[in-house]
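**Student:** Below is a structure I'd like to ask you about.
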Amino acid sequence: MTDAEEPADAEATDRPSLAEQRGVDAVYGASEDSHLLAEAAVEGATAGERAIDVGTGSGYVASALAEAGVEVVGTDLNPAACQQARDAGIPVARANLLDPFLADSFDLVTFNPPYLPSTPDTEWGDWMQTALSGGEDGRAAVDPFLADVGRVLEDGGRALLLVSSLTGIEAVQEYATAQGLESSIVAEESFPFERLVVLRCVPR
Amino acid sequence: MQEDLMDIICCPLDKHDLELDVEEREDGEIVAGTLTCTECGETYPIEDGIPNLLPPDMREDAPA
């Protein structure tokens with residue numbers, strides 16, 4: 001997350017704070033990125049498949065999958081998010097990424113990560129920052145996710161990852177390749193300050 | 001949490017199986033209890049129906 005007074009680059013100067021656009025709260029609510037990811041996830045999912053929604057937040061993407069008949073669990077670092085997703089009827093575990101999940105457990109993994117690049121002086125240290133900020137390169141959560149996701153996927157399984165142009169779509173795809181994943185863009189949407197894509201990643 | 005979650009979860013530290021100890025059950029759901037790693041012995045609490053499977057050093061309520 002970049003402060004308007006401390007732009008990371010020239011084009012960031014007029015960028016409104018995404019937290020302002022999206023409304024700051026203790027749990028990240030469903031936004032444009034959530035909708036894009038949920039749509040792509042439901043489109044490619046089959047009833048009866050087993051899925052996990054990492055960083056489920058309000059449980060929006062997980063609920064969309066559950067409605068499509070997918071057996072979905074959600075995880076989040078934030079206890080308030082876990083509670084909210086549980087209240088929405090989603091089985092949840094408080095977890096860091098995919099750490100406490102067994103190998104070959106899922107047909108589908110979805111992740112709308114914290115992806116906004118930040119600098120140490122713009123970090124404000126609350127749960128909303130944890131939900132939005134991806135560290136200096138925006139990839140603090142994305143990279144370890146890509147390094148581990150192949151482990152939990154069953155044969156024929158795939159991961160859907162939301163990535164913003166603010167994070168660097170090519171850089172994320174290069175890193176995915178280095179982790180033995182084949183990636184392709186399956187959905188995208190452009191906004192004034194960023195382009196959002198859904199990357200489909202499958203183990204090679 | 002529902003008991004079938006046990007099929008897919010493991011210790012976040014060493015990926016070994018967890019042993020479930022139920023303290024309180026409500027309508028078939030486990031509301032309170034502990035999960036103990038069968039290998040390293042680390043325990044993970046289940047509170048208000050939610051298993052906390054964060055490694056011990058990340059378990060504080062405040063964000064990192």
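Order determines the names: the first chain of the structure tokens is A, the second B, and so forth; residues in each chain are numbered 1 upward, and ligands are numbered 1 upward as they are shown.
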Report as a compact mmCIF listing (two decimals) with all heavy atoms, in the first residue's frame the set of chain B residues whose atoms approach chain A to within 7 Å, with distances computed over only C-alpha atoms.

**Tutor:**
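Result file iface39.txt:
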```txt
# COMPACT_ATOMS: atom_id res chain seq x y z
N MET B 1 -15.09 -26.85 14.37
CA MET B 1 -14.67 -27.54 13.15
C MET B 1 -15.34 -28.92 13.06
O MET B 1 -15.70 -29.51 14.07
CB MET B 1 -13.15 -27.71 13.11
CG MET B 1 -12.56 -28.61 14.21
SD MET B 1 -10.80 -28.99 13.97
CE MET B 1 -10.88 -30.71 13.43
N ILE B 8 -7.39 -33.65 6.11
CA ILE B 8 -6.53 -32.81 5.27
C ILE B 8 -5.56 -31.92 6.05
O ILE B 8 -4.72 -31.26 5.44
CB ILE B 8 -7.37 -31.92 4.30
CG1 ILE B 8 -8.42 -31.11 5.07
CG2 ILE B 8 -8.03 -32.77 3.23
CD1 ILE B 8 -9.09 -30.04 4.21
N ILE B 9 -5.68 -31.88 7.38
CA ILE B 9 -4.77 -31.00 8.12
C ILE B 9 -3.59 -31.78 8.70
O ILE B 9 -3.67 -33.00 8.90
CB ILE B 9 -5.48 -30.19 9.23
CG1 ILE B 9 -6.17 -31.10 10.24
CG2 ILE B 9 -6.43 -29.18 8.63
CD1 ILE B 9 -6.79 -30.35 11.41
N CYS B 10 -2.52 -31.05 8.97
CA CYS B 10 -1.33 -31.65 9.55
C CYS B 10 -0.61 -30.58 10.37
O CYS B 10 -1.00 -29.42 10.37
CB CYS B 10 -0.41 -32.18 8.44
SG CYS B 10 0.17 -30.92 7.28
N CYS B 11 0.45 -30.99 11.03
CA CYS B 11 1.26 -30.04 11.79
C CYS B 11 1.93 -29.07 10.82
O CYS B 11 2.57 -29.51 9.86
CB CYS B 11 2.31 -30.80 12.60
SG CYS B 11 3.46 -29.71 13.48
N PRO B 12 1.77 -27.75 11.04
CA PRO B 12 2.37 -26.79 10.10
C PRO B 12 3.90 -26.81 10.14
O PRO B 12 4.55 -26.35 9.21
CB PRO B 12 1.84 -25.44 10.58
CG PRO B 12 1.46 -25.64 12.01
CD PRO B 12 1.02 -27.08 12.11
N LYS B 15 4.57 -31.31 9.16
CA LYS B 15 3.61 -31.98 8.26
C LYS B 15 3.20 -33.38 8.73
O LYS B 15 2.67 -34.17 7.94
CB LYS B 15 4.14 -32.07 6.81
CG LYS B 15 4.73 -30.81 6.24
CD LYS B 15 3.70 -29.73 5.98
CE LYS B 15 4.35 -28.57 5.24
NZ LYS B 15 3.81 -27.27 5.66
N ILE B 50 -12.87 -23.00 15.84
CA ILE B 50 -11.85 -22.72 14.83
C ILE B 50 -10.48 -23.25 15.29
O ILE B 50 -9.97 -22.81 16.32
CB ILE B 50 -11.75 -21.20 14.53
CG1 ILE B 50 -13.10 -20.70 13.99
CG2 ILE B 50 -10.62 -20.91 13.54
CD1 ILE B 50 -13.19 -19.19 13.88
N PRO B 51 -9.91 -24.19 14.55
CA PRO B 51 -8.57 -24.66 14.91
C PRO B 51 -7.53 -23.59 14.57
O PRO B 51 -7.57 -23.01 13.49
CB PRO B 51 -8.37 -25.90 14.03
CG PRO B 51 -9.29 -25.71 12.87
CD PRO B 51 -10.44 -24.87 13.35
N ASN B 52 -6.64 -23.32 15.51
CA ASN B 52 -5.57 -22.36 15.26
C ASN B 52 -4.31 -23.13 14.92
O ASN B 52 -3.60 -23.61 15.79
CB ASN B 52 -5.35 -21.48 16.49
CG ASN B 52 -4.32 -20.40 16.25
OD1 ASN B 52 -3.57 -20.45 15.26
ND2 ASN B 52 -4.27 -19.42 17.13
N LEU B 53 -4.06 -23.24 13.62
CA LEU B 53 -2.93 -24.04 13.14
C LEU B 53 -1.73 -23.18 12.74
O LEU B 53 -0.90 -23.59 11.94
CB LEU B 53 -3.39 -24.91 11.96
CG LEU B 53 -4.37 -26.03 12.40
CD1 LEU B 53 -5.06 -26.64 11.20
CD2 LEU B 53 -3.63 -27.10 13.19
N LEU B 54 -1.67 -21.99 13.33
CA LEU B 54 -0.48 -21.16 13.12
C LEU B 54 0.66 -21.76 13.94
O LEU B 54 0.45 -22.27 15.03
CB LEU B 54 -0.73 -19.74 13.61
CG LEU B 54 -1.69 -18.88 12.79
CD1 LEU B 54 -1.89 -17.53 13.47
CD2 LEU B 54 -1.17 -18.68 11.38
N PRO B 63 -1.23 -8.53 14.42
CA PRO B 63 -0.60 -8.89 13.15
C PRO B 63 0.91 -8.71 13.23
O PRO B 63 1.41 -7.89 13.99
CB PRO B 63 -1.21 -7.92 12.14
CG PRO B 63 -1.71 -6.78 12.95
CD PRO B 63 -2.04 -7.32 14.32
```

**Student:** As a list in words, list the residues of chain B assigned to strand (DSSP E or B) by DSSP on the backbone atoms of this structure.

**Tutor:**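 In chain B, DSSP puts these residues in strand (DSSP E or B): Ile9, Leu18, Glu19, Leu20, Asp21, Val22, Glu23, Glu24, Arg25, Glu26, Glu29, Ile30, Val31, Ala32, Gly33, Thr34, Leu35, Thr36, Cys37, Thr43, Tyr44, Pro45, Ile46, Glu47, Ile50, Pro51 and Asn52 of chain B.
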
**Student:** Any idea what's packed within 12 Å of Val172 in chain A, counting only C-alpha atoms, ignoring anything in its chain fewer than 4 positions away? Could you give it as a short mmCIF file (atom, residue, chain, number, x, y, z; two decimals) with C-alpha atoms, in the first residue's frame?

**Tutor:**
```cif
data_model
loop_
_atom_site.label_atom_id
_atom_site.label_comp_id
_atom_site.auth_asym_id
_atom_site.auth_seq_id
_atom_site.Cartn_x
_atom_site.Cartn_y
_atom_site.Cartn_z
CA TYR A 115 -0.35 -7.85 -3.15
CA ASP A 137 7.77 -6.02 -3.96
CA GLY A 138 4.14 -6.96 -3.29
CA ARG A 139 5.10 -10.62 -3.36
CA ALA A 140 5.77 -11.39 0.32
CA ALA A 141 2.81 -13.80 0.42
CA VAL A 142 2.64 -14.69 -3.28
CA ASP A 143 6.13 -16.22 -3.54
CA PRO A 144 5.88 -18.64 -0.58
CA PHE A 145 2.39 -19.58 -1.77
CA LEU A 146 3.70 -20.49 -5.23
CA ALA A 147 6.61 -22.39 -3.70
CA LEU A 161 -4.12 -16.76 -8.01
CA LEU A 162 -5.18 -13.15 -8.28
CA VAL A 163 -2.33 -10.88 -9.39
CA SER A 164 -2.26 -7.12 -9.99
CA SER A 165 -0.12 -5.20 -12.44
CA LEU A 166 1.05 -3.29 -9.33
CA THR A 167 2.76 -6.49 -8.20
CA GLY A 168 4.14 -7.35 -11.62
CA ALA A 176 5.79 -19.69 -10.82
CA THR A 177 7.79 -21.25 -13.65
CA ALA A 178 10.82 -21.52 -11.37
CA GLN A 179 8.62 -23.41 -8.88
CA LEU A 181 4.26 -24.46 -12.31
CA GLU A 182 2.79 -23.67 -15.68
CA SER A 183 0.77 -20.47 -15.54
CA SER A 184 -1.73 -18.80 -17.83
CA ILE A 185 -4.06 -15.83 -17.55
CA VAL A 197 -5.60 -10.96 -13.68
CA VAL A 198 -6.38 -14.45 -12.47
CA LEU A 199 -3.42 -16.75 -13.03
CA ARG A 200 -4.15 -20.44 -13.39
CA CYS A 201 -1.17 -22.44 -12.17
#
```

**Student:** Counting only C-alpha atoms, what is within 10 Å of range 35-38 of chain B, bar same-chain residues fewer than 2 positions away, as a list in words?

**Tutor:**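 Contacts, in chain order: Met6, Cys10, Cys11, Pro12, Leu13, Asp14, Lys15, His16, Asp17, Leu18, Glu19, Leu20, Asp21, Val22, Gly33, Cys40, Gly41, Glu42, Thr43, Tyr44, Pro45, Ile46, Pro51, Asn52 and Leu53 of chain B.
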